[in-house]
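S.K.: File name structure.pdb; file contents PDB, C-alpha atoms and all ligand atoms; full text below.
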```pdb
ATOM      1  CA  ALA A   8       0.000   0.000   0.000
ATOM      2  CA  ARG A   9       1.070   3.567  -0.640
ATOM      3  CA  GLY A  10       3.056   5.000   2.266
ATOM      4  CA  SER A  11       4.004   1.617   3.644
ATOM      5  CA  ILE A  12       7.606   0.871   4.490
ATOM      6  CA  ARG A  13       9.359  -1.195   1.856
ATOM      7  CA  ALA A  14      10.527  -4.572   3.174
ATOM      8  CA  THR A  15      14.279  -4.565   3.667
ATOM      9  CA  ARG A  16      16.176  -7.384   2.066
ATOM     10  CA  PRO A  17      17.389 -10.025   4.526
ATOM     11  CA  ILE A  18      21.104  -9.704   5.223
ATOM     12  CA  GLU A  19      21.744 -13.097   3.641
ATOM     13  CA  ALA A  20      20.476 -11.824   0.293
ATOM     14  CA  ILE A  21      23.019  -9.039   0.364
ATOM     15  CA  ALA A  22      26.451 -10.428   1.126
ATOM     16  CA  GLY A  23      26.513 -14.221   1.139
ATOM     17  CA  VAL A  24      25.876 -14.090   4.882
ATOM     18  CA  ILE A  25      23.300 -16.493   6.278
ATOM     19  CA  GLU A  26      21.910 -16.503   9.792
ATOM     20  CA  GLU A  27      20.344 -18.840  12.304
ATOM     21  CA  LYS A  28      18.788 -18.170  15.694
ATOM     22  CA  ALA A  29      19.958 -20.060  18.794
ATOM     23  CA  TYR A  30      16.633 -20.336  20.607
ATOM     24  CA  ALA A  31      16.659 -20.137  24.408
ATOM     25  CA  LYS A  32      15.787 -23.509  25.956
ATOM     26  CA  ILE A  33      13.553 -24.014  28.964
ATOM     27  CA  ASN A  34      12.822 -27.173  30.913
ATOM     28  CA  LEU A  35       9.089 -27.102  31.660
ATOM     29  CA  ALA A  36       9.915 -30.045  33.922
ATOM     30  CA  LEU A  37      13.242 -31.680  34.796
ATOM     31  CA  HIS A  38      13.081 -34.908  36.750
ATOM     32  CA  VAL A  39      16.346 -36.433  37.973
ATOM     33  CA  ARG A  40      16.010 -40.207  38.360
ATOM     34  CA  ASN A  41      19.441 -41.511  39.329
ATOM     35  CA  ARG A  42      23.160 -40.959  39.084
ATOM     36  CA  ARG A  43      24.820 -43.207  36.513
ATOM     37  CA  PRO A  44      28.202 -44.904  36.857
ATOM     38  CA  ASP A  45      29.603 -42.498  34.217
ATOM     39  CA  GLY A  46      28.845 -39.539  36.517
ATOM     40  CA  PHE A  47      25.939 -38.244  34.428
ATOM     41  CA  HIS A  48      22.368 -38.376  35.682
ATOM     42  CA  GLU A  49      19.435 -40.184  34.150
ATOM     43  CA  LEU A  50      16.872 -37.492  33.384
ATOM     44  CA  GLU A  51      13.358 -36.992  32.176
ATOM     45  CA  SER A  52      12.926 -33.571  30.754
ATOM     46  CA  LEU A  53      10.141 -31.708  29.035
ATOM     47  CA  PHE A  54      11.916 -29.190  26.816
ATOM     48  CA  ALA A  55      10.377 -26.140  25.198
ATOM     49  CA  PHE A  56      12.032 -23.259  23.352
ATOM     50  CA  ALA A  57      11.590 -19.505  23.233
ATOM     51  CA  GLU A  58      11.156 -17.566  20.002
ATOM     52  CA  ASP A  59      14.211 -15.479  20.938
ATOM     53  CA  GLY A  60      17.829 -16.185  21.770
ATOM     54  CA  ASP A  61      21.341 -15.675  20.466
ATOM     55  CA  LEU A  62      22.014 -15.028  16.783
ATOM     56  CA  LEU A  63      24.641 -16.646  14.557
ATOM     57  CA  ARG A  64      25.702 -15.356  11.148
ATOM     58  CA  ALA A  65      28.183 -16.998   8.850
ATOM     59  CA  SER A  66      29.892 -16.543   5.518
ATOM     60  CA  ALA A  67      32.083 -19.062   3.735
ATOM     61  CA  ARG A  68      35.896 -19.071   3.733
ATOM     62  CA  ASP A  69      37.720 -21.075   1.130
ATOM     63  CA  ASP A  70      40.866 -21.640   3.231
ATOM     64  CA  GLY A  71      39.035 -24.140   5.462
ATOM     65  CA  ALA A  72      39.538 -22.094   8.655
ATOM     66  CA  ILE A  73      36.884 -21.469  11.309
ATOM     67  CA  HIS A  74      36.947 -17.932  12.685
ATOM     68  CA  LEU A  75      34.533 -16.894  15.440
ATOM     69  CA  SER A  76      33.858 -13.383  16.664
ATOM     70  CA  ILE A  77      31.416 -12.476  19.423
ATOM     71  CA  ASP A  78      29.379  -9.357  20.125
ATOM     72  CA  GLY A  79      26.187  -8.539  22.000
ATOM     73  CA  PRO A  80      25.243  -7.806  25.626
ATOM     74  CA  PHE A  81      26.801 -11.000  27.051
ATOM     75  CA  ALA A  82      29.912 -11.203  24.846
ATOM     76  CA  GLN A  83      32.257 -10.227  27.644
ATOM     77  CA  GLY A  84      34.331 -13.018  29.147
ATOM     78  CA  LEU A  85      33.325 -15.520  26.473
ATOM     79  CA  GLU A  86      36.276 -16.986  24.625
ATOM     80  CA  ALA A  87      36.112 -17.170  20.831
ATOM     81  CA  GLY A  88      38.827 -19.831  20.470
ATOM     82  CA  ALA A  89      38.839 -23.613  20.418
ATOM     83  CA  GLY A  90      37.125 -23.752  23.841
ATOM     84  CA  ASN A  91      33.940 -22.232  22.444
ATOM     85  CA  LEU A  92      31.210 -24.778  21.696
ATOM     86  CA  VAL A  93      30.448 -23.032  18.391
ATOM     87  CA  VAL A  94      34.007 -23.683  17.191
ATOM     88  CA  GLN A  95      33.841 -27.259  18.483
ATOM     89  CA  ALA A  96      30.548 -27.793  16.631
ATOM     90  CA  ALA A  97      32.025 -26.367  13.417
ATOM     91  CA  LEU A  98      35.102 -28.596  13.635
ATOM     92  CA  ALA A  99      32.979 -31.664  14.418
ATOM     93  CA  LEU A 100      30.800 -30.996  11.361
ATOM     94  CA  LYS A 101      33.876 -30.462   9.185
ATOM     95  CA  SER A 102      35.419 -33.727  10.266
ATOM     96  CA  ALA A 103      32.187 -35.747  10.033
ATOM     97  CA  SER A 104      31.441 -34.451   6.527
ATOM     98  CA  GLY A 105      34.990 -34.242   5.229
ATOM     99  CA  THR A 106      34.307 -30.808   3.763
ATOM    100  CA  GLY A 107      37.231 -28.520   3.006
ATOM    101  CA  ASN A 108      35.080 -25.421   3.576
ATOM    102  CA  GLY A 109      35.637 -22.889   6.322
ATOM    103  CA  ALA A 110      33.559 -20.084   7.802
ATOM    104  CA  ASP A 111      33.631 -16.693   9.439
ATOM    105  CA  ILE A 112      31.041 -16.906  12.198
ATOM    106  CA  ARG A 113      29.649 -13.992  14.171
ATOM    107  CA  LEU A 114      27.830 -14.834  17.418
ATOM    108  CA  THR A 115      25.597 -12.181  18.960
ATOM    109  CA  LYS A 116      25.265 -13.197  22.590
ATOM    110  CA  ASN A 117      21.883 -12.045  23.887
ATOM    111  CA  LEU A 118      21.453 -14.740  26.541
ATOM    112  CA  PRO A 119      23.326 -14.756  29.859
ATOM    113  CA  ILE A 120      26.137 -17.314  30.121
ATOM    114  CA  ALA A 121      25.875 -20.436  32.348
ATOM    115  CA  SER A 122      22.247 -19.698  33.084
ATOM    116  CA  GLY A 123      20.164 -22.856  32.463
ATOM    117  CA  ILE A 124      18.548 -21.765  29.191
ATOM    118  CA  GLY A 125      20.791 -23.480  26.689
ATOM    119  CA  GLY A 126      23.232 -20.719  25.908
ATOM    120  CA  GLY A 127      26.307 -22.562  24.680
ATOM    121  CA  SER A 128      24.261 -25.637  23.736
ATOM    122  CA  ALA A 129      21.824 -23.598  21.647
ATOM    123  CA  ASP A 130      24.765 -21.806  19.992
ATOM    124  CA  ALA A 131      26.457 -25.105  19.122
ATOM    125  CA  ALA A 132      23.207 -26.519  17.717
ATOM    126  CA  ALA A 133      22.545 -23.361  15.689
ATOM    127  CA  ALA A 134      26.115 -23.544  14.345
ATOM    128  CA  LEU A 135      25.443 -27.090  13.084
ATOM    129  CA  ARG A 136      22.212 -26.023  11.329
ATOM    130  CA  LEU A 137      23.867 -22.876   9.928
ATOM    131  CA  LEU A 138      27.059 -24.477   8.595
ATOM    132  CA  ASP A 139      25.210 -27.475   7.189
ATOM    133  CA  ARG A 140      23.266 -24.933   5.134
ATOM    134  CA  LEU A 141      26.248 -22.657   4.353
ATOM    135  CA  TRP A 142      28.339 -25.549   3.083
ATOM    136  CA  GLY A 143      25.409 -27.214   1.288
ATOM    137  CA  LEU A 144      26.005 -30.522   3.076
ATOM    138  CA  GLY A 145      22.384 -31.671   3.466
ATOM    139  CA  SER A 146      23.474 -33.896   6.343
ATOM    140  CA  GLY A 147      19.955 -34.651   7.596
ATOM    141  CA  ARG A 148      18.645 -34.654  11.145
ATOM    142  CA  ASP A 149      20.043 -38.010  12.292
ATOM    143  CA  ALA A 150      23.587 -37.226  11.171
ATOM    144  CA  LEU A 151      23.453 -33.805  12.852
ATOM    145  CA  LEU A 152      22.051 -35.356  16.046
ATOM    146  CA  ALA A 153      24.984 -37.781  16.141
ATOM    147  CA  ILE A 154      27.397 -34.844  15.863
ATOM    148  CA  ALA A 155      25.448 -32.853  18.468
ATOM    149  CA  ASP A 156      25.405 -35.566  21.137
ATOM    150  CA  PRO A 157      29.060 -35.522  22.268
ATOM    151  CA  LEU A 158      29.069 -31.692  22.329
ATOM    152  CA  GLY A 159      26.801 -31.595  25.406
ATOM    153  CA  SER A 160      23.681 -33.092  26.935
ATOM    154  CA  ASP A 161      21.338 -30.329  25.698
ATOM    155  CA  VAL A 162      22.790 -29.900  22.208
ATOM    156  CA  PRO A 163      20.580 -32.560  20.511
ATOM    157  CA  ALA A 164      17.410 -31.010  21.997
ATOM    158  CA  CYS A 165      18.590 -27.538  20.929
ATOM    159  CA  LEU A 166      19.206 -28.856  17.415
ATOM    160  CA  VAL A 167      15.500 -29.702  17.125
ATOM    161  CA  SER A 168      14.268 -26.656  19.127
ATOM    162  CA  ARG A 169      10.691 -27.980  19.393
ATOM    163  CA  THR A 170       8.698 -29.184  22.361
ATOM    164  CA  LEU A 171      10.369 -32.473  23.264
ATOM    165  CA  VAL A 172      10.486 -35.139  25.907
ATOM    166  CA  GLY A 173      14.114 -36.003  26.589
ATOM    167  CA  THR A 174      15.328 -39.067  28.432
ATOM    168  CA  GLY A 175      18.710 -40.645  29.101
ATOM    169  CA  ARG A 176      21.246 -37.930  29.727
ATOM    170  CA  GLY A 177      18.834 -35.690  27.839
ATOM    171  CA  GLU A 178      19.682 -36.838  24.324
ATOM    172  CA  ALA A 179      16.988 -39.504  23.636
ATOM    173  CA  LEU A 180      14.319 -37.276  22.133
ATOM    174  CA  ASP A 181      10.662 -37.579  21.359
ATOM    175  CA  VAL A 182       9.003 -34.570  19.650
ATOM    176  CA  ARG A 183       5.619 -33.863  21.225
ATOM    177  CA  ASP A 184       2.885 -31.312  20.704
ATOM    178  CA  LEU A 185       1.504 -29.726  23.812
ATOM    179  CA  PRO A 186      -1.915 -28.222  23.108
ATOM    180  CA  GLY A 187      -1.961 -24.482  23.766
ATOM    181  CA  LEU A 188       1.771 -24.174  24.431
ATOM    182  CA  ALA A 189       2.918 -22.757  21.077
ATOM    183  CA  GLY A 190       2.933 -18.965  21.269
ATOM    184  CA  ALA A 191       2.349 -18.888  25.036
ATOM    185  CA  PRO A 192       3.624 -15.613  26.585
ATOM    186  CA  LEU A 193       6.900 -16.355  28.371
ATOM    187  CA  LEU A 194       9.130 -14.383  30.712
ATOM    188  CA  LEU A 195      12.730 -15.325  31.473
ATOM    189  CA  VAL A 196      14.323 -13.845  34.598
ATOM    190  CA  ASN A 197      17.901 -14.294  35.805
ATOM    191  CA  PRO A 198      19.243 -12.804  39.048
ATOM    192  CA  GLY A 199      22.619 -12.074  37.461
ATOM    193  CA  VAL A 200      24.563 -14.949  38.993
ATOM    194  CA  ALA A 201      26.281 -17.518  36.728
ATOM    195  CA  LEU A 202      25.880 -21.108  37.886
ATOM    196  CA  SER A 203      27.840 -24.117  36.548
ATOM    197  CA  THR A 204      25.848 -27.265  35.868
ATOM    198  CA  GLY A 205      28.130 -29.785  37.617
ATOM    199  CA  PRO A 206      27.905 -28.402  41.178
ATOM    200  CA  VAL A 207      24.100 -28.195  40.972
ATOM    201  CA  PHE A 208      23.831 -31.881  39.967
ATOM    202  CA  ARG A 209      26.231 -32.767  42.802
ATOM    203  CA  GLY A 210      23.847 -31.048  45.233
ATOM    204  CA  TRP A 211      20.893 -33.239  44.173
ATOM    205  CA  ASP A 212      19.718 -35.246  47.217
ATOM    206  CA  GLY A 213      19.588 -38.603  45.374
ATOM    207  CA  VAL A 214      15.860 -39.108  45.903
ATOM    208  CA  ASP A 215      13.968 -40.369  42.833
ATOM    209  CA  ARG A 216      10.610 -38.616  43.030
ATOM    210  CA  GLY A 217       9.090 -40.486  40.110
ATOM    211  CA  ALA A 218       8.646 -40.225  36.371
ATOM    212  CA  LEU A 219       6.853 -38.014  33.906
ATOM    213  CA  ASP A 220       3.521 -39.415  32.867
ATOM    214  CA  ALA A 221       4.131 -39.130  29.151
ATOM    215  CA  SER A 222       0.450 -39.695  28.424
ATOM    216  CA  ARG A 223      -0.472 -36.587  30.425
ATOM    217  CA  LEU A 224       2.069 -34.122  29.183
ATOM    218  CA  ASP A 225      -0.258 -31.153  29.475
ATOM    219  CA  ALA A 226      -0.418 -31.794  33.230
ATOM    220  CA  ILE A 227       3.374 -31.890  33.522
ATOM    221  CA  ALA A 228       3.691 -28.158  33.404
ATOM    222  CA  GLY A 229       1.634 -27.850  36.556
ATOM    223  CA  GLU A 230       2.373 -31.130  38.323
ATOM    224  CA  GLY A 231       5.947 -31.598  37.182
ATOM    225  CA  ARG A 232       8.973 -30.259  38.989
ATOM    226  CA  ASN A 233      12.566 -29.268  38.537
ATOM    227  CA  ASP A 234      14.570 -31.501  40.858
ATOM    228  CA  LEU A 235      17.576 -29.214  40.437
ATOM    229  CA  GLN A 236      15.740 -26.208  41.836
ATOM    230  CA  PRO A 237      16.385 -26.982  45.558
ATOM    231  CA  PRO A 238      20.150 -27.597  45.152
ATOM    232  CA  ALA A 239      20.439 -24.529  42.900
ATOM    233  CA  ILE A 240      18.674 -22.344  45.475
ATOM    234  CA  ALA A 241      21.051 -23.699  48.136
ATOM    235  CA  LEU A 242      23.960 -22.401  46.018
ATOM    236  CA  VAL A 243      22.282 -19.169  44.840
ATOM    237  CA  PRO A 244      19.519 -18.029  47.216
ATOM    238  CA  GLU A 245      18.520 -15.219  44.796
ATOM    239  CA  ILE A 246      16.821 -17.900  42.650
ATOM    240  CA  GLY A 247      14.259 -18.222  45.444
ATOM    241  CA  GLU A 248      13.714 -14.460  45.270
ATOM    242  CA  VAL A 249      13.123 -14.663  41.503
ATOM    243  CA  ILE A 250      10.533 -17.431  41.959
ATOM    244  CA  GLY A 251       8.903 -15.409  44.762
ATOM    245  CA  ALA A 252       8.738 -12.278  42.603
ATOM    246  CA  LEU A 253       7.204 -14.227  39.683
ATOM    247  CA  LYS A 254       4.638 -15.905  41.930
ATOM    248  CA  GLY A 255       3.462 -12.467  43.058
ATOM    249  CA  CYS A 256       2.456 -11.527  39.482
ATOM    250  CA  ALA A 257      -1.128 -11.508  38.166
ATOM    251  CA  GLY A 258      -2.059 -13.832  35.292
ATOM    252  CA  LEU A 259       0.719 -16.340  36.042
ATOM    253  CA  SER A 260       0.208 -19.973  34.950
ATOM    254  CA  LEU A 261       3.587 -21.408  35.990
ATOM    255  CA  ALA A 262       6.893 -20.211  37.477
ATOM    256  CA  ARG A 263       9.863 -22.557  37.729
ATOM    257  CA  MET A 264      13.639 -22.631  37.384
ATOM    258  CA  SER A 265      15.044 -23.840  34.037
ATOM    259  CA  GLY A 266      17.777 -26.484  33.771
ATOM    260  CA  SER A 267      20.422 -26.116  36.449
ATOM    261  CA  GLY A 268      19.590 -22.421  36.853
ATOM    262  CA  ALA A 269      19.837 -19.653  37.662
ATOM    263  CA  THR A 270      17.307 -18.473  35.031
ATOM    264  CA  CYS A 271      13.646 -18.964  35.941
ATOM    265  CA  PHE A 272      10.764 -18.876  33.498
ATOM    266  CA  ALA A 273       7.134 -17.927  33.856
ATOM    267  CA  LEU A 274       4.193 -18.668  31.573
ATOM    268  CA  PHE A 275       1.349 -16.154  31.514
ATOM    269  CA  ALA A 276      -2.283 -16.242  30.466
ATOM    270  CA  ASP A 277      -1.748 -13.347  28.055
ATOM    271  CA  ALA A 278       0.943 -10.987  26.773
ATOM    272  CA  ALA A 279      -0.409  -8.033  28.772
ATOM    273  CA  ALA A 280       0.051  -9.922  32.059
ATOM    274  CA  ARG A 281       3.569 -10.931  30.986
ATOM    275  CA  ASP A 282       4.491  -7.358  30.108
ATOM    276  CA  GLU A 283       3.076  -6.027  33.367
ATOM    277  CA  ALA A 284       5.116  -8.614  35.286
ATOM    278  CA  ALA A 285       8.250  -7.683  33.296
ATOM    279  CA  ALA A 286       7.755  -3.979  34.058
ATOM    280  CA  ARG A 287       7.161  -4.572  37.744
ATOM    281  CA  ILE A 288      10.085  -6.962  38.243
ATOM    282  CA  GLY A 289      12.333  -4.661  36.206
ATOM    283  CA  THR A 290      11.470  -1.750  38.496
ATOM    284  CA  ASP A 291      11.857  -3.733  41.716
ATOM    285  CA  HIS A 292      15.076  -5.500  40.604
ATOM    286  CA  PRO A 293      16.962  -3.321  38.140
ATOM    287  CA  ARG A 294      20.002  -5.635  38.154
ATOM    288  CA  TRP A 295      18.118  -8.753  37.100
ATOM    289  CA  TRP A 296      18.103  -9.811  33.438
ATOM    290  CA  ILE A 297      14.611 -10.089  31.952
ATOM    291  CA  MET A 298      13.475 -11.266  28.515
ATOM    292  CA  ALA A 299       9.836 -11.125  27.407
ATOM    293  CA  THR A 300       9.164 -13.626  24.630
ATOM    294  CA  ARG A 301       6.880 -16.496  23.620
ATOM    295  CA  ILE A 302       7.102 -20.275  23.372
ATOM    296  CA  ARG A 303       8.311 -21.222  19.884
ATOM    297  CA  GLY A 304       5.472 -22.785  17.876
ATOM    298  CA  GLU A 305       5.369 -26.147  16.186
TER     299      GLU A 305
HETATM  300  O1  LIG A 401      26.640 -32.558  29.038
HETATM  301  P1  LIG A 401      27.052 -31.261  29.633
HETATM  302  O2  LIG A 401      28.458 -30.872  29.252
HETATM  303  O3  LIG A 401      26.080 -30.162  29.408
HETATM  304  O4  LIG A 401      27.065 -31.502  31.217
HETATM  305  C1  LIG A 401      27.702 -30.628  32.110
HETATM  306  C2  LIG A 401      27.757 -31.277  33.488
HETATM  307  O5  LIG A 401      26.440 -31.419  34.015
HETATM  308  C3  LIG A 401      28.313 -32.699  33.482
HETATM  309  O6  LIG A 401      29.701 -32.680  33.597
HETATM  310  C4  LIG A 401      27.651 -33.327  34.689
HETATM  311  O7  LIG A 401      28.315 -32.938  35.867
HETATM  312  C5  LIG A 401      26.297 -32.645  34.714
HETATM  313  N1  LIG A 401      25.232 -33.444  34.073
HETATM  314  C6  LIG A 401      24.752 -34.572  34.715
HETATM  315  N2  LIG A 401      23.754 -35.310  34.139
HETATM  316  C7  LIG A 401      23.214 -34.943  32.960
HETATM  317  C8  LIG A 401      23.676 -33.792  32.296
HETATM  318  C9  LIG A 401      24.690 -33.065  32.870
HETATM  319  O8  LIG A 401      25.217 -34.914  35.800
HETATM  320  N3  LIG A 401      22.242 -35.691  32.438
END
```
Please express what this file holds, its structure, as structure tokens.
M.R.:
Amino acid sequence: ARGSIRATRPIEAIAGVIEEKAYAKINLALHVRNRRPDGFHELESLFAFAEDGDLLRASARDDGAIHLSIDGPFAQGLEAGAGNLVVQAALALKSASGTGNGADIRLTKNLPIASGIGGGSADAAAALRLLDRLWGLGSGRDALLAIADPLGSDVPACLVSRTLVGTGRGEALDVRDLPGLAGAPLLLVNPGVALSTGPVFRGWDGVDRGALDASRLDAIAGEGRNDLQPPAIALVPEIGEVIGALKGCAGLSLARMSGSGATCFALFADAAARDEAAARIGTDHPRWWIMATRIRGE
């Protein structure tokens, strides 16, 4: 229509740069069943993903090298070398496929680091999707899942980025639709304290509180639990304050910690209630990180 703004061309149409979002992960429920001899824990997890997250962009290099640069609000302190999961994912895909291609990768870090919402795992998974496309490999989901698995327990789930039931260490995945979940207004709140996964698992009390009822997934949100929430709160008491602040908000359907913390999520009846909660918590706790988003649809 006359007077409307002309659509801008996507960046990938301009300069051979393609992009992929690294969607923030949440665990609607996270049930720890037992500690395995290999030190990992047997889990049952109901994963969902936010519409928002980090952003990866890449362009091809013909010398075969992988170069990563990082910007964005949480870039500081994050190494861009071989220790970064994005670089590890790129090298794993190169070696699995035998490609001689390389890439310049730019990671825009919007999500707090070591915070229970995927972060590095989502970045690694997005790197696999992005480079598979950039290099024209057409690897297919199963091949990418096999590459994702050794990179970290949440990387396979992040590769799919749909509502999933995960078992095993988190890597045995079953895509599931949860009626009414897609598009649900979501708030992510982090008290600004980084928390490593290992110590939280080591604080788990060893009590198996029972399984997900996979036939009643829509009840899991309400009746499920995050077994890592008590040990995480013992390490970082502010997580309890975040949950308390969320539970004081109108229109709340569920407030719970995600993963091993410290980020908590809240689902709201409507976007207005979510935005009101975001405004209020932002005023009361100016140092907390808050992201207003939605559950990624099917
Ligand atoms: O697989 P990932 O590197 O994300 O795991 C980080 C740490 O979290 C592991 O070293 C382990 O201590 C703990 N973990 C666990 N059981 C899982 C997943 C992770 O104990 N299922």
S.K.: Which residue gives the smallest distance to Val182 (chain A) among A:Arg301, A:Arg281, A:Arg169, A:His48, with all atoms listed in the file counted?
M.R.: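 So, comparing all the options, the nearest one is A:Arg169.
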S.K.: Can you list, as a ChimeraX atom specification, every protein, DNA or RNA residue that comes within 10 Å of Ile240 (chain A) when you count only C-alpha atoms, leaving out same-chain residues fewer than 5 positions away?
M.R.: /A:207,235,245-248,264,267-269
S.K.: Just want the residues within 6 Å of ligand LIG 401 (chain A), written as a PyMOL selection string, counting all atoms listed in the file.
M.R.: chain A and resi 46-50+159-160+176-177+204-205+208
S.K.: Residues near Ser76 (chain A), anyone? I mean within 8 Å using all atoms listed in the file, not counting same-chain ones fewer than 2 positions away, as a PyMOL selection string.
M.R.: chain A and resi 74+78+87+111-114
S.K.: Expanded to explicit residues, what is the PyMOL selection byres (((chain A and resi 166) around 10) and not hetatm) for this file, as a PyMOL selection string?
M.R.: chain A and resi 29-30+128-136+148+151-152+155-156+161-165+167-169
S.K.: How close does each residue of region 259-295 of chain A get to region 191-195 of chain A, giving the shortest atom pair and distance in Å to one decimal for every residue with an atom at most 8 Å away, counting all atoms listed in the file, sorted by chain and residue number, as a Markdown table?
M.R.:
```
| residue | atom | partner | partner_atom | distance |
| --- | --- | --- | --- | --- |
| A:Thr270 | CA | A:Leu195 | CA | 6.6 |
| A:Cys271 | CA | A:Leu195 | CA | 5.8 |
| A:Phe272 | CA | A:Leu195 | CA | 4.5 |
| A:Ala273 | CA | A:Leu194 | CA | 5.1 |
| A:Leu274 | CA | A:Leu193 | CA | 4.8 |
| A:Phe275 | CA | A:Pro192 | CA | 5.5 |
| A:Ala276 | CA | A:Pro192 | CA | 7.1 |
| A:Asp277 | CA | A:Pro192 | CA | 6.0 |
| A:Ala278 | CA | A:Pro192 | CA | 5.4 |
| A:Arg281 | CA | A:Pro192 | CA | 6.4 |
| A:Ala285 | CA | A:Leu194 | CA | 7.2 |
```
S.K.: Rank A:Asp282, A:Asp139, A:Asp215, A:Glu178 by their smallest atom-to-atom distance to Gly258 (chain A), using all atoms listed in the file, and report the top residue only.
M.R.: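 For Gly258 (chain A), the nearest of the candidates is A:Asp282.
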